[in-house]
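**Q** What follows is a single structure, and I will ask about it in a moment.
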Amino acid sequence: MKKLLMQAIKFVGLSGIGWLLDFCIFILLGFVSANHSINNFISSWVGVTFVFIFATRKVFKNNSKIPLWVKYIIYILYQFILITLASKVLGVVDSFIVTNISWAIVVKFSGIIAKIFITPFTMVLNFFVMKGVIEKL
């Protein structure tokens, strides 16, 4: 249990850095495109790749004979599905905020608020899927 907790703490730290990269790119893309779903899809890949590269070196141990590049492909396929779904949820949350909230400041930052809202869910899923792919597969 202690090992799992330590892995989770390290993963959250690395994921936090990956999320900051993702978030900064998401915000920068917002200056180019108003489509929050597409912006999220693009920016998420930077964070995902960063986290995979560093988590496989610092958090999880690959003890199997399956090469890491194969596991990366599996993880990328999972991420494609997750990011697609998360981007759609982000779009729904963004639309909900824009439609139902009357505070101009909240509406102005609706995409950012929506991204913050979905992040904890994706982070927890990513931890368990990456642990499973790297250590159990």
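Chain labels follow the order of the structure tokens: the first chain is A, the next B, and so on; residue numbering restarts at 1 in every chain, and ligands are counted from 1 in their shown order.
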Extract, using only C-alpha atoms, all DNA, RNA and protein residues at most 12 Å from Ile53 (chain A), discarding same-chain residues fewer than 6 positions from it, and format them as JSON, numbers by chain.
**A** {"A": [11, 14, 15, 18, 46, 47, 59, 60, 68, 69, 71, 72, 75, 76, 130, 134]}
**Q** Closest to Asn63 (chain A) among A:Lys10, A:Lys88, A:Lys131, A:Lys136, using only C-alpha atoms?
**A** A:Lys136
**Q** So which one's closest to Val12 (chain A), A:Phe109, A:Tyr78, A:Phe54, A:Phe117? Using only C-alpha atoms, please.
**A**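 Ranking A:Phe109, A:Tyr78, A:Phe54, A:Phe117 by distance to Val12 (chain A), first place goes to A:Phe54.
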**Q** What does the distance from CA of Met6 (chain A) to CA of Leu77 (chain A) come to in Å, to one decimal?
**A** 26.6 Å
**Q** List the neighbours of Ser87 (chain A) out to 8 Å using only C-alpha atoms; skip same-chain residues closer than 4 positions along the sequence, and give me the result as an mmCIF file with N, CA, C and O atoms, in the first residue's frame.
**A**
```
data_model
loop_
_atom_site.group_PDB
_atom_site.id
_atom_site.type_symbol
_atom_site.label_atom_id
_atom_site.label_comp_id
_atom_site.auth_asym_id
_atom_site.auth_seq_id
_atom_site.Cartn_x
_atom_site.Cartn_y
_atom_site.Cartn_z
ATOM 1 N N HIS A 36 -12.833 24.965 -28.102
ATOM 2 C CA HIS A 36 -12.183 24.421 -26.915
ATOM 3 C C HIS A 36 -11.949 22.918 -27.010
ATOM 4 O O HIS A 36 -10.960 22.414 -26.483
ATOM 5 N N SER A 37 -12.833 22.203 -27.677
ATOM 6 C CA SER A 37 -12.666 20.752 -27.804
ATOM 7 C C SER A 37 -11.421 20.411 -28.621
ATOM 8 O O SER A 37 -10.631 19.554 -28.230
ATOM 9 N N ILE A 38 -11.240 21.087 -29.739
ATOM 10 C CA ILE A 38 -10.056 20.833 -30.576
ATOM 11 C C ILE A 38 -8.796 21.305 -29.866
ATOM 12 O O ILE A 38 -7.770 20.621 -29.878
ATOM 13 N N ASN A 40 -8.274 21.401 -26.705
ATOM 14 C CA ASN A 40 -7.982 20.414 -25.673
ATOM 15 C C ASN A 40 -7.364 19.163 -26.268
ATOM 16 O O ASN A 40 -6.425 18.594 -25.718
ATOM 17 N N PHE A 41 -7.876 18.730 -27.391
ATOM 18 C CA PHE A 41 -7.359 17.533 -28.048
ATOM 19 C C PHE A 41 -5.883 17.721 -28.385
ATOM 20 O O PHE A 41 -5.053 16.852 -28.113
ATOM 21 N N ILE A 83 -8.887 11.164 -24.525
ATOM 22 C CA ILE A 83 -8.832 12.579 -24.898
ATOM 23 C C ILE A 83 -10.023 12.951 -25.774
ATOM 24 O O ILE A 83 -10.598 14.028 -25.620
ATOM 25 N N GLY A 91 -16.380 20.186 -24.048
ATOM 26 C CA GLY A 91 -17.288 20.982 -24.875
ATOM 27 C C GLY A 91 -18.675 21.102 -24.263
ATOM 28 O O GLY A 91 -19.289 22.173 -24.285
#
```
